[in-house]
Amino acid sequence: MAALVRCCLDARHAPTDVQKVRARQRELGIPESFEWVAETTPSLRAAAEESGLVVHEHPLMVLDPGAPAADVDGVSGNMSAGQHQPLAGVSEIVGVGTLPAARRRGLARAVTAALVADARSRGAATVFLSAGDDNVARVYARLGFRRVGTALIAEPAE
C-alpha cells in the first residue's frame, strides 16, 4: 500500500512537511517513500533531500497512441516478467525485468509489448511507465514510448 500525498503545483514544501508524512507512513507501517513528477512539483525534491531521503530520477514515458502493436512472435519462456496496473482508461507498466543470464535477447521488449497489448485490450487509452535510466528508455522508445517528464522517487538511504 502506498501513501498518497497531495501537492499543490505551486506550493513550497519544507523538510518538516516531508518529515510529518514520513512519521505517518511509519505509523501506518508502510514504506517511507514518495513518488512524483519533477516538472509539476519542483520544490518537493529539495524538501525530500533535506529531510534525509535519497532522490532517484527516472525518465517518465508515455506510449504514443498511434504506436503500432509490436510483434512478439518467437519469444517465449519464463526468463522475463512484468505487470501493468489499469485504472479508468490508464495503465502503468511496472516491474519489467529479465534474469541476467537471459538479457539482450529482446525478452523485456516482448513482455512490454504483451503488457501494452493487454492494457489496450482492456480499454487503456493512456499507457505510461518510468524507465530505469536513459539506456532503458531507448528500449521503450523503440516500442513507441516517448519521454514526457522526469519521475522522482525519494526513499531512505540503505
# chains A, B, ... in the order shown; residues from 1 in each chain; ligands from 1
>>> residues_around(residues="A:Val127", least_positions_apart="4", cutoff="8 Å", atoms="only C-alpha atoms", output="PDB file with C-alpha atoms, in the first residue's frame")
ATOM      1  CA  VAL A  62       4.014   7.622 -22.321  1.00  0.00           C
ATOM      2  CA  LEU A  63       3.052   5.381 -25.224  1.00  0.00           C
ATOM      3  CA  VAL A  90      -4.942   4.482 -17.889  1.00  0.00           C
ATOM      4  CA  SER A  91      -2.373   1.781 -17.195  1.00  0.00           C
ATOM      5  CA  GLU A  92       1.136   1.945 -15.757  1.00  0.00           C
ATOM      6  CA  ILE A  93       3.638  -0.712 -16.809  1.00  0.00           C
ATOM      7  CA  VAL A 116       0.774  -2.915 -23.864  1.00  0.00           C
ATOM      8  CA  ALA A 119      -3.667  -2.812 -21.482  1.00  0.00           C
TER       9      ALA A 119
END
>>> atom_distance(atom1="atom CA of A:His56", atom2="atom CA of A:Thr41")
14.8 Å
>>> atom_distance(atom1="atom CA of A:Val55", atom2="atom CA of A:Thr98")
24.7 Å
>>> residues_around(residues="stretch 44-46 of chain A", least_positions_apart="5", cutoff="8 Å", atoms="only C-alpha atoms", output="PDB file with N, CA and C atoms, in the first residue's frame")
ATOM      1  N   ARG A  12       5.202  25.480  -1.903  1.00  0.00           N
ATOM      2  CA  ARG A  12       6.585  25.308  -1.444  1.00  0.00           C
ATOM      3  C   ARG A  12       6.544  24.245  -0.371  1.00  0.00           C
ATOM      4  N   HIS A  13       7.465  23.336  -0.442  1.00  0.00           N
ATOM      5  CA  HIS A  13       7.488  22.232   0.504  1.00  0.00           C
ATOM      6  C   HIS A  13       8.708  22.366   1.398  1.00  0.00           C
ATOM      7  N   ALA A  14       8.503  22.142   2.673  1.00  0.00           N
ATOM      8  CA  ALA A  14       9.582  22.223   3.650  1.00  0.00           C
ATOM      9  C   ALA A  14       9.941  20.819   4.121  1.00  0.00           C
ATOM     10  N   PRO A  15      11.186  20.646   4.568  1.00  0.00           N
ATOM     11  CA  PRO A  15      11.579  19.339   5.106  1.00  0.00           C
ATOM     12  C   PRO A  15      10.651  18.877   6.232  1.00  0.00           C
ATOM     13  N   ALA A  38       8.762  15.579 -11.424  1.00  0.00           N
ATOM     14  CA  ALA A  38       9.633  16.725 -11.119  1.00  0.00           C
ATOM     15  C   ALA A  38       9.095  18.031 -11.681  1.00  0.00           C
ATOM     16  N   VAL A  55      16.956  10.906  -3.477  1.00  0.00           N
ATOM     17  CA  VAL A  55      16.049  11.060  -4.615  1.00  0.00           C
ATOM     18  C   VAL A  55      16.680  10.460  -5.866  1.00  0.00           C
ATOM     19  N   LEU A 152      10.410  11.243 -10.098  1.00  0.00           N
ATOM     20  CA  LEU A 152      11.345  11.260  -8.965  1.00  0.00           C
ATOM     21  C   LEU A 152      10.819  10.332  -7.892  1.00  0.00           C
TER      22      LEU A 152
END
>>> select_by_dssp(residues="chain A", states="helix (DSSP H, G or I)", output="PyMOL selection string")
chain A and resi 15-28+43-50+100-102+107-121+134-141
>>> select_by_dssp(residues="chain A", states="strand (DSSP E or B)", output="PyMOL selection string")
chain A and resi 34-37+53-63+80-87+90-98+126-130+145-156
>>> residues_around(residues="stretch 29-35 of chain A", least_positions_apart="2", cutoff="10 Å", atoms="only C-alpha atoms", output="ChimeraX atom specification")
/A:1-5,18-19,21-27,37-38,44-45,48,53-56,151-156
>>> atom_distance(atom1="atom CA of A:Gly82", atom2="atom CA of A:Gly95")
4.9 Å
>>> residues_around(residues="A:Phe145", least_positions_apart="3", cutoff="8 Å", atoms="only C-alpha atoms", output="list in words")
Met61, Val62, Leu63, Asp64, Phe128, Tyr140, Ala141 and Arg142 of chain A
>>> write_last_selection(atoms="N, CA and C atoms", output="PDB file, in the first residue's frame")
ATOM      1  N   MET A  61       7.730   8.140 -19.263  1.00  0.00           N
ATOM      2  CA  MET A  61       7.408   7.942 -20.675  1.00  0.00           C
ATOM      3  C   MET A  61       5.946   7.552 -20.858  1.00  0.00           C
ATOM      4  N   VAL A  62       5.382   7.981 -21.975  1.00  0.00           N
ATOM      5  CA  VAL A  62       4.014   7.622 -22.321  1.00  0.00           C
ATOM      6  C   VAL A  62       4.020   7.016 -23.716  1.00  0.00           C
ATOM      7  N   LEU A  63       3.153   6.042 -23.926  1.00  0.00           N
ATOM      8  CA  LEU A  63       3.052   5.381 -25.224  1.00  0.00           C
ATOM      9  C   LEU A  63       2.304   6.283 -26.187  1.00  0.00           C
ATOM     10  N   ASP A  64       2.877   6.479 -27.366  1.00  0.00           N
ATOM     11  CA  ASP A  64       2.205   7.226 -28.422  1.00  0.00           C
ATOM     12  C   ASP A  64       0.940   6.456 -28.784  1.00  0.00           C
ATOM     13  N   PHE A 128       1.658   4.295 -19.605  1.00  0.00           N
ATOM     14  CA  PHE A 128       2.886   5.001 -19.256  1.00  0.00           C
ATOM     15  C   PHE A 128       3.776   4.142 -18.389  1.00  0.00           C
ATOM     16  N   TYR A 140      12.402   1.314 -24.606  1.00  0.00           N
ATOM     17  CA  TYR A 140      10.969   1.638 -24.630  1.00  0.00           C
ATOM     18  C   TYR A 140      10.623   2.561 -25.800  1.00  0.00           C
ATOM     19  N   ALA A 141      11.537   3.442 -26.179  1.00  0.00           N
ATOM     20  CA  ALA A 141      11.286   4.339 -27.309  1.00  0.00           C
ATOM     21  C   ALA A 141      11.076   3.541 -28.594  1.00  0.00           C
ATOM     22  N   ARG A 142      11.776   2.422 -28.734  1.00  0.00           N
ATOM     23  CA  ARG A 142      11.608   1.578 -29.923  1.00  0.00           C
ATOM     24  C   ARG A 142      10.224   0.922 -29.969  1.00  0.00           C
TER      25      ARG A 142
END
>>> closest_residue(among="A:Gly149, A:Gly144, A:Gly132, A:Gly123", to="A:Val94", atoms="only C-alpha atoms")
A:Gly132
>>> closest_residue(among="A:Ala70, A:Ala81, A:Ala47, A:Leu60", to="A:Ala117", atoms="only C-alpha atoms")
A:Ala70
>>> residues_around(residues="A:Gly97", least_positions_apart="6", cutoff="10 Å", atoms="only C-alpha atoms", output="CSV table (one decimal) with C-alpha atoms, in the first residue's frame")
chain,number,residue,atom,x,y,z
A,79,MET,CA,13.0,-15.5,-18.1
A,80,SER,CA,11.3,-12.1,-18.1
A,81,ALA,CA,8.2,-10.8,-16.4
A,82,GLY,CA,6.3,-7.6,-15.7
A,83,GLN,CA,2.8,-6.3,-15.0
A,103,ARG,CA,19.3,-10.4,-21.1
A,107,LEU,CA,12.6,-10.7,-23.8
A,108,ALA,CA,11.8,-7.5,-21.8
A,109,ARG,CA,10.7,-5.8,-25.1
A,111,VAL,CA,7.0,-8.7,-22.2
A,112,THR,CA,6.4,-4.9,-22.5
>>> decode(residues="stretch 89-119 of chain A", atoms="N, CA and C atoms", output="mmCIF file, in the first residue's frame")
data_model
loop_
_atom_site.group_PDB
_atom_site.id
_atom_site.type_symbol
_atom_site.label_atom_id
_atom_site.label_comp_id
_atom_site.auth_asym_id
_atom_site.auth_seq_id
_atom_site.Cartn_x
_atom_site.Cartn_y
_atom_site.Cartn_z
ATOM 1 N N GLY A 89 -9.073 3.705 -17.746
ATOM 2 C CA GLY A 89 -8.552 4.070 -19.050
ATOM 3 C C GLY A 89 -7.073 4.420 -19.099
ATOM 4 N N VAL A 90 -6.381 4.220 -17.976
ATOM 5 C CA VAL A 90 -4.942 4.482 -17.889
ATOM 6 C C VAL A 90 -4.291 3.238 -17.304
ATOM 7 N N SER A 91 -3.080 2.908 -17.784
ATOM 8 C CA SER A 91 -2.373 1.781 -17.195
ATOM 9 C C SER A 91 -0.887 2.101 -17.104
ATOM 10 N N GLU A 92 -0.296 1.774 -15.952
ATOM 11 C CA GLU A 92 1.136 1.945 -15.757
ATOM 12 C C GLU A 92 1.811 0.584 -15.871
ATOM 13 N N ILE A 93 2.841 0.508 -16.699
ATOM 14 C CA ILE A 93 3.638 -0.712 -16.809
ATOM 15 C C ILE A 93 4.713 -0.647 -15.733
ATOM 16 N N VAL A 94 4.816 -1.704 -14.933
ATOM 17 C CA VAL A 94 5.754 -1.721 -13.806
ATOM 18 C C VAL A 94 6.461 -3.077 -13.720
ATOM 19 N N GLY A 95 7.615 -3.067 -13.094
ATOM 20 C CA GLY A 95 8.301 -4.290 -12.719
ATOM 21 C C GLY A 95 8.791 -5.161 -13.860
ATOM 22 N N VAL A 96 9.065 -4.572 -15.027
ATOM 23 C CA VAL A 96 9.576 -5.381 -16.130
ATOM 24 C C VAL A 96 11.040 -5.702 -15.837
ATOM 25 N N GLY A 97 11.356 -6.977 -15.861
ATOM 26 C CA GLY A 97 12.725 -7.391 -15.590
ATOM 27 C C GLY A 97 13.029 -8.720 -16.255
ATOM 28 N N THR A 98 14.318 -8.939 -16.491
ATOM 29 C CA THR A 98 14.790 -10.166 -17.124
ATOM 30 C C THR A 98 15.937 -10.734 -16.296
ATOM 31 N N LEU A 99 15.976 -12.044 -16.155
ATOM 32 C CA LEU A 99 17.088 -12.673 -15.455
ATOM 33 C C LEU A 99 18.394 -12.313 -16.155
ATOM 34 N N PRO A 100 19.452 -12.064 -15.390
ATOM 35 C CA PRO A 100 20.726 -11.649 -16.006
ATOM 36 C C PRO A 100 21.209 -12.581 -17.120
ATOM 37 N N ALA A 101 21.068 -13.886 -16.968
ATOM 38 C CA ALA A 101 21.554 -14.829 -17.974
ATOM 39 C C ALA A 101 20.761 -14.767 -19.279
ATOM 40 N N ALA A 102 19.595 -14.140 -19.252
ATOM 41 C CA ALA A 102 18.737 -14.112 -20.443
ATOM 42 C C ALA A 102 18.624 -12.717 -21.065
ATOM 43 N N ARG A 103 19.422 -11.780 -20.610
ATOM 44 C CA ARG A 103 19.326 -10.421 -21.128
ATOM 45 C C ARG A 103 19.867 -10.311 -22.550
ATOM 46 N N ARG A 104 19.484 -9.215 -23.204
ATOM 47 C CA ARG A 104 19.924 -8.871 -24.559
ATOM 48 C C ARG A 104 19.375 -9.836 -25.617
ATOM 49 N N ARG A 105 18.197 -10.384 -25.338
ATOM 50 C CA ARG A 105 17.530 -11.279 -26.295
ATOM 51 C C ARG A 105 16.165 -10.739 -26.712
ATOM 52 N N GLY A 106 15.798 -9.562 -26.230
ATOM 53 C CA GLY A 106 14.501 -8.986 -26.579
ATOM 54 C C GLY A 106 13.357 -9.447 -25.709
ATOM 55 N N LEU A 107 13.664 -10.139 -24.610
ATOM 56 C CA LEU A 107 12.589 -10.664 -23.761
ATOM 57 C C LEU A 107 11.820 -9.556 -23.050
ATOM 58 N N ALA A 108 12.510 -8.572 -22.487
ATOM 59 C CA ALA A 108 11.817 -7.474 -21.800
ATOM 60 C C ALA A 108 10.985 -6.678 -22.799
ATOM 61 N N ARG A 109 11.501 -6.529 -24.001
ATOM 62 C CA ARG A 109 10.744 -5.838 -25.052
ATOM 63 C C ARG A 109 9.465 -6.608 -25.352
ATOM 64 N N ALA A 110 9.580 -7.939 -25.462
ATOM 65 C CA ALA A 110 8.411 -8.770 -25.746
ATOM 66 C C ALA A 110 7.401 -8.717 -24.609
ATOM 67 N N VAL A 111 7.884 -8.763 -23.378
ATOM 68 C CA VAL A 111 6.977 -8.676 -22.226
ATOM 69 C C VAL A 111 6.262 -7.329 -22.227
ATOM 70 N N THR A 112 7.012 -6.257 -22.481
ATOM 71 C CA THR A 112 6.403 -4.926 -22.510
ATOM 72 C C THR A 112 5.359 -4.836 -23.616
ATOM 73 N N ALA A 113 5.680 -5.362 -24.793
ATOM 74 C CA ALA A 113 4.712 -5.352 -25.896
ATOM 75 C C ALA A 113 3.446 -6.133 -25.527
ATOM 76 N N ALA A 114 3.609 -7.252 -24.856
ATOM 77 C CA ALA A 114 2.439 -8.037 -24.435
ATOM 78 C C ALA A 114 1.619 -7.285 -23.396
ATOM 79 N N LEU A 115 2.298 -6.575 -22.485
ATOM 80 C CA LEU A 115 1.581 -5.779 -21.484
ATOM 81 C C LEU A 115 0.821 -4.626 -22.138
ATOM 82 N N VAL A 116 1.448 -3.991 -23.125
ATOM 83 C CA VAL A 116 0.774 -2.915 -23.864
ATOM 84 C C VAL A 116 -0.468 -3.473 -24.555
ATOM 85 N N ALA A 117 -0.329 -4.614 -25.215
ATOM 86 C CA ALA A 117 -1.464 -5.229 -25.916
ATOM 87 C C ALA A 117 -2.591 -5.540 -24.938
ATOM 88 N N ASP A 118 -2.250 -6.074 -23.770
ATOM 89 C CA ASP A 118 -3.270 -6.380 -22.775
ATOM 90 C C ASP A 118 -3.925 -5.102 -22.246
ATOM 91 N N ALA A 119 -3.115 -4.083 -21.977
ATOM 92 C CA ALA A 119 -3.667 -2.812 -21.482
ATOM 93 C C ALA A 119 -4.633 -2.222 -22.507
#
